[in-house]
Each structure stands twice: as structure tokens, then as C-alpha cells.
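**Q** Provided below: start_11.json, containing JSON, C-alpha atoms.
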```json
[["chain", "number", "residue", "atom", "x", "y", "z"],
["A", 1, "MET", "CA", 107.84, 100.68, 117.35],
["A", 2, "GLN", "CA", 105.51, 102.95, 115.45],
["A", 3, "LEU", "CA", 103.30, 102.28, 112.46],
["A", 4, "ARG", "CA", 102.79, 104.99, 109.86],
["A", 5, "ALA", "CA", 101.68, 105.36, 106.28],
["A", 6, "ALA", "CA", 104.58, 105.03, 103.86],
["A", 7, "VAL", "CA", 105.73, 107.93, 101.72],
["A", 8, "ALA", "CA", 107.66, 107.88, 98.46],
["A", 9, "ASP", "CA", 110.94, 108.44, 100.33],
["A", 10, "ASP", "CA", 110.40, 105.05, 102.07],
["A", 11, "LEU", "CA", 110.29, 103.00, 98.87],
["A", 12, "ALA", "CA", 114.04, 102.39, 98.55],
["A", 13, "ALA", "CA", 114.21, 101.10, 102.14],
["A", 14, "ILE", "CA", 111.10, 98.98, 101.54],
["A", 15, "ALA", "CA", 112.75, 97.38, 98.48],
["A", 16, "ALA", "CA", 115.90, 96.64, 100.49],
["A", 17, "LEU", "CA", 113.86, 95.07, 103.31],
["A", 18, "PHE", "CA", 111.86, 93.02, 100.80],
["A", 19, "LEU", "CA", 115.08, 91.64, 99.29],
["A", 20, "ARG", "CA", 116.58, 90.83, 102.74],
["A", 21, "ALA", "CA", 113.43, 89.11, 103.95],
["A", 22, "ARG", "CA", 113.01, 87.05, 100.79],
["A", 23, "ARG", "CA", 116.63, 85.89, 100.91],
["A", 24, "ALA", "CA", 116.31, 84.94, 104.58],
["A", 25, "ALA", "CA", 113.20, 82.89, 103.80],
["A", 26, "TYR", "CA", 114.85, 80.91, 101.01],
["A", 27, "GLY", "CA", 113.76, 77.32, 101.40],
["A", 28, "GLN", "CA", 110.28, 78.29, 102.52],
["A", 29, "MET", "CA", 110.00, 80.72, 99.63],
["A", 30, "PRO", "CA", 111.47, 80.23, 96.17],
["A", 31, "ALA", "CA", 114.16, 82.48, 94.77],
["A", 32, "LEU", "CA", 112.87, 85.68, 93.26],
["A", 33, "ALA", "CA", 111.97, 85.60, 89.59],
["A", 34, "HIS", "CA", 113.64, 89.03, 89.10],
["A", 35, "ASP", "CA", 117.05, 90.44, 89.93],
["A", 36, "ASP", "CA", 117.66, 93.06, 92.64],
["A", 37, "ALA", "CA", 117.67, 95.99, 90.22],
["A", 38, "ASP", "CA", 114.28, 94.97, 88.82],
["A", 39, "VAL", "CA", 112.85, 94.64, 92.33],
["A", 40, "ARG", "CA", 114.15, 98.08, 93.33],
["A", 41, "THR", "CA", 112.64, 99.62, 90.18],
["A", 42, "TRP", "CA", 109.33, 97.82, 90.71],
["A", 43, "VAL", "CA", 108.99, 99.06, 94.30],
["A", 44, "ALA", "CA", 110.13, 102.58, 93.37],
["A", 45, "CYS", "CA", 107.24, 102.70, 90.90],
["A", 46, "TRP", "CA", 104.53, 101.77, 93.41],
["A", 47, "ASP", "CA", 101.70, 104.29, 93.16],
["A", 48, "LEU", "CA", 100.94, 105.13, 96.78],
["A", 49, "SER", "CA", 97.65, 106.70, 95.73],
["A", 50, "ARG", "CA", 96.43, 103.27, 94.58],
["A", 51, "LEU", "CA", 98.33, 100.88, 96.86],
["A", 52, "THR", "CA", 98.11, 101.33, 100.61],
["A", 53, "VAL", "CA", 101.53, 100.86, 102.20],
["A", 54, "TRP", "CA", 102.36, 101.16, 105.90],
["A", 55, "VAL", "CA", 105.71, 100.74, 107.59],
["A", 56, "ALA", "CA", 106.76, 99.70, 111.08],
["A", 57, "GLU", "CA", 109.84, 101.46, 112.34],
["A", 58, "SER", "CA", 111.82, 101.45, 115.53],
["A", 59, "THR", "CA", 111.55, 104.43, 117.85],
["A", 60, "GLU", "CA", 114.52, 103.62, 120.09],
["A", 61, "GLN", "CA", 117.25, 105.19, 117.95],
["A", 62, "ASP", "CA", 118.10, 108.65, 116.65],
["A", 63, "ALA", "CA", 117.60, 107.34, 113.12],
["A", 64, "PRO", "CA", 114.49, 105.12, 112.92],
["A", 65, "GLU", "CA", 115.08, 101.67, 111.44],
["A", 66, "LEU", "CA", 112.54, 100.10, 109.10],
["A", 67, "LEU", "CA", 111.34, 96.89, 110.77],
["A", 68, "GLY", "CA", 108.63, 95.81, 108.36],
["A", 69, "PHE", "CA", 106.02, 96.87, 105.84],
["A", 70, "VAL", "CA", 102.64, 95.86, 104.54],
["A", 71, "ALA", "CA", 101.11, 96.71, 101.14],
["A", 72, "PHE", "CA", 97.44, 96.12, 100.38],
["A", 73, "THR", "CA", 94.44, 97.10, 98.28],
["A", 74, "GLU", "CA", 90.73, 97.10, 99.11],
["A", 75, "THR", "CA", 90.53, 93.29, 98.95],
["A", 76, "TRP", "CA", 94.09, 91.91, 98.82],
["A", 77, "LEU", "CA", 97.03, 91.88, 101.19],
["A", 78, "ASP", "CA", 99.82, 91.92, 98.61],
["A", 79, "HIS", "CA", 102.94, 92.02, 100.82],
["A", 80, "LEU", "CA", 103.79, 91.70, 104.49],
["A", 81, "TYR", "CA", 107.50, 91.47, 105.25],
["A", 82, "VAL", "CA", 109.52, 91.89, 108.43],
["A", 83, "THR", "CA", 113.28, 92.35, 108.51],
["A", 84, "PRO", "CA", 114.85, 89.04, 109.60],
["A", 85, "SER", "CA", 116.33, 90.45, 112.85],
["A", 86, "ALA", "CA", 112.88, 91.62, 113.99],
["A", 87, "GLN", "CA", 110.88, 88.50, 113.12],
["A", 88, "GLY", "CA", 109.02, 86.97, 116.04],
["A", 89, "GLY", "CA", 108.92, 90.29, 117.90],
["A", 90, "GLY", "CA", 105.35, 91.34, 117.11],
["A", 91, "VAL", "CA", 106.04, 93.50, 114.07],
["A", 92, "GLY", "CA", 104.18, 91.26, 111.62],
["A", 93, "GLY", "CA", 101.26, 90.86, 114.01],
["A", 94, "ALA", "CA", 100.96, 94.62, 114.45],
["A", 95, "LEU", "CA", 101.00, 95.16, 110.68],
["A", 96, "LEU", "CA", 98.41, 92.43, 110.11],
["A", 97, "GLU", "CA", 96.12, 93.84, 112.80],
["A", 98, "LEU", "CA", 96.41, 97.23, 111.12],
["A", 99, "VAL", "CA", 95.23, 95.74, 107.83],
["A", 100, "LYS", "CA", 92.30, 94.09, 109.62],
["A", 101, "ALA", "CA", 91.34, 97.42, 111.19],
["A", 102, "LEU", "CA", 91.54, 99.25, 107.86],
["A", 103, "ARG", "CA", 89.79, 96.48, 105.90],
["A", 104, "PRO", "CA", 87.02, 95.27, 108.24],
["A", 105, "ALA", "CA", 85.10, 93.72, 105.33],
["A", 106, "GLY", "CA", 87.94, 91.20, 104.92],
["A", 107, "PHE", "CA", 90.71, 90.44, 102.45],
["A", 108, "SER", "CA", 92.65, 87.61, 100.84],
["A", 109, "LEU", "CA", 96.33, 86.92, 100.27],
["A", 110, "TRP", "CA", 98.53, 84.43, 98.46],
["A", 111, "VAL", "CA", 101.24, 82.48, 100.27],
["A", 112, "PHE", "CA", 103.58, 79.81, 98.96],
["A", 113, "ALA", "CA", 102.52, 76.33, 100.08],
["A", 114, "ALA", "CA", 106.07, 75.60, 101.30],
["A", 115, "ASN", "CA", 106.07, 78.70, 103.52],
["A", 116, "THR", "CA", 104.81, 76.90, 106.61],
["A", 117, "SER", "CA", 105.97, 79.70, 108.91],
["A", 118, "ALA", "CA", 103.82, 82.28, 107.13],
["A", 119, "ARG", "CA", 100.88, 79.89, 106.87],
["A", 120, "GLY", "CA", 101.04, 79.25, 110.61],
["A", 121, "PHE", "CA", 101.35, 82.97, 111.35],
["A", 122, "TYR", "CA", 98.29, 83.83, 109.25],
["A", 123, "ALA", "CA", 96.26, 80.93, 110.64],
["A", 124, "ALA", "CA", 97.10, 82.02, 114.20],
["A", 125, "HIS", "CA", 95.72, 85.45, 113.28],
["A", 126, "GLY", "CA", 92.41, 84.06, 112.04],
["A", 127, "LEU", "CA", 92.99, 83.60, 108.32],
["A", 128, "VAL", "CA", 91.68, 80.44, 106.67],
["A", 129, "GLU", "CA", 93.06, 78.51, 103.69],
["A", 130, "ARG", "CA", 90.53, 78.72, 100.87],
["A", 131, "GLU", "CA", 92.20, 77.66, 97.62],
["A", 132, "HIS", "CA", 95.30, 75.65, 96.68],
["A", 133, "THR", "CA", 97.03, 75.94, 93.29],
["A", 134, "ASP", "CA", 99.85, 74.18, 91.49],
["A", 135, "GLY", "CA", 101.73, 77.46, 91.01],
["A", 136, "SER", "CA", 101.26, 77.65, 87.27],
["A", 137, "GLU", "CA", 99.80, 81.15, 87.64],
["A", 138, "ASN", "CA", 102.65, 82.74, 89.64],
["A", 139, "GLU", "CA", 106.04, 83.91, 88.36],
["A", 140, "GLU", "CA", 107.98, 81.44, 90.47],
["A", 141, "GLY", "CA", 105.94, 78.45, 89.29],
["A", 142, "GLU", "CA", 105.59, 77.20, 92.88],
["A", 143, "PRO", "CA", 102.44, 75.83, 94.53],
["A", 144, "ASP", "CA", 100.62, 78.46, 96.53],
["A", 145, "LEU", "CA", 97.38, 78.99, 98.34],
["A", 146, "ARG", "CA", 94.88, 81.72, 98.94],
["A", 147, "MET", "CA", 94.12, 82.55, 102.54],
["A", 148, "GLU", "CA", 91.24, 84.72, 103.63],
["A", 149, "TRP", "CA", 90.23, 86.82, 106.59],
["A", 150, "SER", "CA", 86.46, 87.09, 106.30],
["A", 151, "GLY", "CA", 86.31, 90.35, 108.23],
["A", 152, "GLU", "CA", 84.60, 91.67, 111.30],
["A", 153, "CYS", "CA", 81.32, 92.43, 109.54],
["A", 154, "ARG", "CA", 80.87, 88.94, 108.14],
["A", 155, "SER", "CA", 82.02, 87.32, 111.40],
["A", 156, "ALA", "CA", 79.46, 89.35, 113.33],
["A", 157, "VAL", "CA", 76.66, 88.33, 110.98],
["A", 158, "LEU", "CA", 77.64, 84.66, 111.06],
["A", 159, "SER", "CA", 77.70, 84.60, 114.86],
["A", 160, "GLU", "CA", 74.24, 86.09, 115.32],
["A", 161, "PRO", "CA", 71.52, 83.66, 116.47]]
```
Give the structure from the file, written as C-alpha cells.

**A**
Amino acid sequence: MQLRAAVADDLAAIAALFLRARRAAYGQMPALAHDDADVRTWVACWDLSRLTVWVAESTEQDAPELLGFVAFTETWLDHLYVTPSAQGGGVGGALLELVKALRPAGFSLWVFAANTSARGFYAAHGLVEREHTDGSENEEGEPDLRMEWSGECRSAVLSEP
């Protein structure tokens, strides 16, 4: 597997992976509030000069396969998705560690309260639940929570005598 910065030519594959992963997580995540065409258009319009996007792809084949992606800003991890067939294989952990390395001051993310798998994954990687909501502020209307990684800099300061 290799990690690399996404380019505009990756956006269609990222949208397809996003749709596959969301469908596979139905039950822990609500159905999307938009149809497939809207999602594809939304992802195709991502401005890669303002949103940092990295992909994980296989290196074992002649044609690399997209295994996962992460999209984030200076302070927010907006999306981290792994194709269902690659989940549990270290792809998500590698992408999350990349975000930590690139954002050492820390970041937050939103996760649906019912998504216990994602909550456990993030907690195992050092993120802490900071805020719970009733979901009235998200498109799906489902309870969610904000998790935070406080960052290496803050952790170092807090651990000093």
C-alpha cells in the first residue's frame, strides 16, 4: 500500500469509494441525505487547493486499486473512508496517522453516535469524545459527537512536570 496526495483525476474513484463505504456501513451510519449523482458532483467539485486529500492505494497490481481516502483541513478531519474489502487491514490507521503527522497541533472530527466501530477505531488511536449532539445540525438528523485529537504539541506540554 502507498499513501499519496490526491489529484483531480482521483475524485471520481474517491466518490465511488465513499458511496460503497457508506452503503456497507448502513445501520451504523444513516442513509445518505443525497443521491449518488449529487455525491459524485459534490466530490468532483472539491477544491484540492483548500481541502487536503490523500489516498491509499494498493501496489500489488498492474493497475493500483483505491483502498481508502482521507480529507481534512487545518483543524478538521472531514472524511476517512476505507473500501469495505480492505477494512481491518491497517488502511484507516495509516491514513489517520498521516493526518496526525500533518496536523501535529491537533484536529477534531464528527462521527455518528451509532457508528460504534468508528468510535472505537478513533478512541484506539487516541481521540477523545468531547461533545455529543442530538443531530439537529447535520443533514441526516442523527445524533453525532465530536471527537478530538489534541495533538503532539499539546500532549507534550501537558506531560511536562

**Q** When distances are computed from all atoms listed in the file, which of A:Ala86, A:Ala44, A:Met29, A:Met1 shows the smallest separation from Thr59 of chain A?

**A**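 Smallest separation from Thr59 of chain A among the options: A:Met1.
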
**Q** List every residue of segment 7-122 of chain A that has an atom at most 9 Å from any atom of segment 128-142 of chain A, and for each one report the closest atom pair and its distance in Å to one decimal, counting only C-alpha atoms, with rows sorted by chain and then by increasing residue number, as JSON lines.

**A**
```
{"residue": "A:Met29", "atom": "CA", "partner": "A:Glu142", "partner_atom": "CA", "distance": 8.8}
{"residue": "A:Pro30", "atom": "CA", "partner": "A:Glu140", "partner_atom": "CA", "distance": 6.8}
{"residue": "A:Ala31", "atom": "CA", "partner": "A:Glu140", "partner_atom": "CA", "distance": 7.6}
{"residue": "A:Leu32", "atom": "CA", "partner": "A:Glu140", "partner_atom": "CA", "distance": 7.0}
{"residue": "A:Ala33", "atom": "CA", "partner": "A:Glu140", "partner_atom": "CA", "distance": 5.8}
{"residue": "A:Phe112", "atom": "CA", "partner": "A:Glu142", "partner_atom": "CA", "distance": 6.9}
{"residue": "A:Ala113", "atom": "CA", "partner": "A:Glu142", "partner_atom": "CA", "distance": 7.9}
{"residue": "A:Ala114", "atom": "CA", "partner": "A:Glu142", "partner_atom": "CA", "distance": 8.6}
{"residue": "A:Arg119", "atom": "CA", "partner": "A:Glu129", "partner_atom": "CA", "distance": 8.6}
{"residue": "A:Tyr122", "atom": "CA", "partner": "A:Val128", "partner_atom": "CA", "distance": 7.9}
```

**Q** Counting only C-alpha atoms, which of A:Ala37, A:Ala13, A:Val43, A:Ala25 gets nearest to Ser117 of chain A?

**A**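 Using only C-alpha atoms, the shortest distance to Ser117 of chain A belongs to A:Ala25.
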
**Q** When you count all atoms listed in the file, which of these residues is closest to Glu65 of chain A: A:Leu17, A:Ala8, A:Val99, A:Ala118?

**A**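 Answer, going by the shortest atom-to-atom distance: A:Leu17.
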
**Q** So which residues are close to (100.8, 84.0, 100.6), meaning at most 7 Å away in the file's coordinates with all atoms listed in the file counted, and can you show them as a ChimeraX atom specification?

**A** /A:109-112,144-146

**Q** For atom CA of Thr73 of chain A and atom CA of Cys45 of chain A, quote the distance in Å rounded to one decimal.

**A**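 Atom CA of Thr73 of chain A sits 15.8 Å away from atom CA of Cys45 of chain A.
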
**Q** Could you check which of A:Gln2, A:Thr75, A:Gln87, A:Thr41 is closest to Val55 of chain A, using only C-alpha atoms?

**A**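 Closest to Val55 of chain A, using only C-alpha atoms: A:Gln2.
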
**Q** Please determine, counting all atoms listed in the file, which residue among A:Trp42, A:Asn115, A:Pro64, A:Leu3 has the shortest atom-to-atom distance to Gly93 of chain A.

**A**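 So, comparing all the options, the nearest one is A:Leu3.
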
**Q** From the set A:Leu51, A:Ala105, A:Met147, A:Ala124, which residue has the shortest atom-to-atom contact distance to Val7 of chain A, counting all atoms listed in the file?

**A** A:Leu51

**Q** Can you tell me how far atom CA of Val91 of chain A sits from atom CA of Asp36 of chain A, in Å to one decimal?

**A**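 Separation of atom CA of Val91 of chain A and atom CA of Asp36 of chain A: 24.4 Å.
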
**Q** Between atom CA of Gly88 of chain A and atom CA of Phe107 of chain A, what is the distance, to one decimal in Å?

**A**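 That distance, rounded to one decimal, is 23.1 Å.
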
**Q** Can I get the residues of segment 8-43 of chain A within 12 Å of segment 76-79 of chain A, each with the closest pair of atoms and their distance in Å to one decimal, using all atoms listed in the file, sorted chain first then ascending number, as a Markdown table?

**A**
```
| residue | atom | partner | partner_atom | distance |
| --- | --- | --- | --- | --- |
| A:Ile14 | CA | A:His79 | CA | 10.7 |
| A:Ala15 | CA | A:His79 | CA | 11.4 |
| A:Leu17 | CA | A:His79 | CA | 11.6 |
| A:Phe18 | CA | A:His79 | CA | 9.0 |
| A:Ala21 | CA | A:His79 | CA | 11.3 |
| A:Arg22 | CA | A:His79 | CA | 11.2 |
| A:Val43 | CA | A:His79 | CA | 11.3 |
```

**Q** Take the residues from that selection and write them out as an mmCIF file, in the coordinates of the input, keeping C-alpha atoms.

**A**
```cif
data_model
loop_
_atom_site.group_PDB
_atom_site.id
_atom_site.type_symbol
_atom_site.label_atom_id
_atom_site.label_comp_id
_atom_site.auth_asym_id
_atom_site.auth_seq_id
_atom_site.Cartn_x
_atom_site.Cartn_y
_atom_site.Cartn_z
ATOM 1 C CA ILE A 14 111.100 98.980 101.540
ATOM 2 C CA ALA A 15 112.750 97.380 98.480
ATOM 3 C CA LEU A 17 113.860 95.070 103.310
ATOM 4 C CA PHE A 18 111.860 93.020 100.800
ATOM 5 C CA ALA A 21 113.430 89.110 103.950
ATOM 6 C CA ARG A 22 113.010 87.050 100.790
ATOM 7 C CA VAL A 43 108.990 99.060 94.300
#
```

**Q** Missing atoms in segment 12-26 of chain A: can you complete it with N, CA and C atoms, as a PDB file, keeping the file's coordinate frame?

**A**
```pdb
ATOM      1  N   ALA A  12     112.727 103.037  98.703  1.00  0.00           N
ATOM      2  CA  ALA A  12     114.040 102.390  98.550  1.00  0.00           C
ATOM      3  C   ALA A  12     114.318 101.472  99.744  1.00  0.00           C
ATOM      4  N   ALA A  13     114.003 101.927 100.947  1.00  0.00           N
ATOM      5  CA  ALA A  13     114.210 101.100 102.140  1.00  0.00           C
ATOM      6  C   ALA A  13     113.257  99.905 102.142  1.00  0.00           C
ATOM      7  N   ILE A  14     112.056 100.085 101.640  1.00  0.00           N
ATOM      8  CA  ILE A  14     111.100  98.980 101.540  1.00  0.00           C
ATOM      9  C   ILE A  14     111.636  97.918 100.573  1.00  0.00           C
ATOM     10  N   ALA A  15     112.172  98.342  99.447  1.00  0.00           N
ATOM     11  CA  ALA A  15     112.750  97.380  98.480  1.00  0.00           C
ATOM     12  C   ALA A  15     113.901  96.615  99.106  1.00  0.00           C
ATOM     13  N   ALA A  16     114.757  97.302  99.848  1.00  0.00           N
ATOM     14  CA  ALA A  16     115.900  96.640 100.490  1.00  0.00           C
ATOM     15  C   ALA A  16     115.416  95.629 101.526  1.00  0.00           C
ATOM     16  N   LEU A  17     114.411  95.994 102.312  1.00  0.00           N
ATOM     17  CA  LEU A  17     113.860  95.070 103.310  1.00  0.00           C
ATOM     18  C   LEU A  17     113.223  93.864 102.620  1.00  0.00           C
ATOM     19  N   PHE A  18     112.475  94.100 101.562  1.00  0.00           N
ATOM     20  CA  PHE A  18     111.860  93.020 100.800  1.00  0.00           C
ATOM     21  C   PHE A  18     112.920  92.020 100.347  1.00  0.00           C
ATOM     22  N   LEU A  19     114.007  92.515  99.777  1.00  0.00           N
ATOM     23  CA  LEU A  19     115.080  91.640  99.290  1.00  0.00           C
ATOM     24  C   LEU A  19     115.721  90.860 100.436  1.00  0.00           C
ATOM     25  N   ARG A  20     115.992  91.516 101.569  1.00  0.00           N
ATOM     26  CA  ARG A  20     116.580  90.830 102.740  1.00  0.00           C
ATOM     27  C   ARG A  20     115.653  89.739 103.257  1.00  0.00           C
ATOM     28  N   ALA A  21     114.390  90.074 103.399  1.00  0.00           N
ATOM     29  CA  ALA A  21     113.430  89.110 103.950  1.00  0.00           C
ATOM     30  C   ALA A  21     113.239  87.911 103.018  1.00  0.00           C
ATOM     31  N   ARG A  22     113.163  88.159 101.729  1.00  0.00           N
ATOM     32  CA  ARG A  22     113.010  87.050 100.790  1.00  0.00           C
ATOM     33  C   ARG A  22     114.223  86.135 100.801  1.00  0.00           C
ATOM     34  N   ARG A  23     115.416  86.715 100.863  1.00  0.00           N
ATOM     35  CA  ARG A  23     116.630  85.890 100.910  1.00  0.00           C
ATOM     36  C   ARG A  23     116.675  85.060 102.186  1.00  0.00           C
ATOM     37  N   ALA A  24     116.286  85.651 103.299  1.00  0.00           N
ATOM     38  CA  ALA A  24     116.310  84.940 104.580  1.00  0.00           C
ATOM     39  C   ALA A  24     115.294  83.804 104.611  1.00  0.00           C
ATOM     40  N   ALA A  25     114.253  83.913 103.818  1.00  0.00           N
ATOM     41  CA  ALA A  25     113.200  82.890 103.800  1.00  0.00           C
ATOM     42  C   ALA A  25     113.431  81.827 102.735  1.00  0.00           C
ATOM     43  N   TYR A  26     114.587  81.893 102.054  1.00  0.00           N
ATOM     44  CA  TYR A  26     114.850  80.910 101.010  1.00  0.00           C
ATOM     45  C   TYR A  26     114.762  79.505 101.599  1.00  0.00           C
TER      46      TYR A  26
END
```
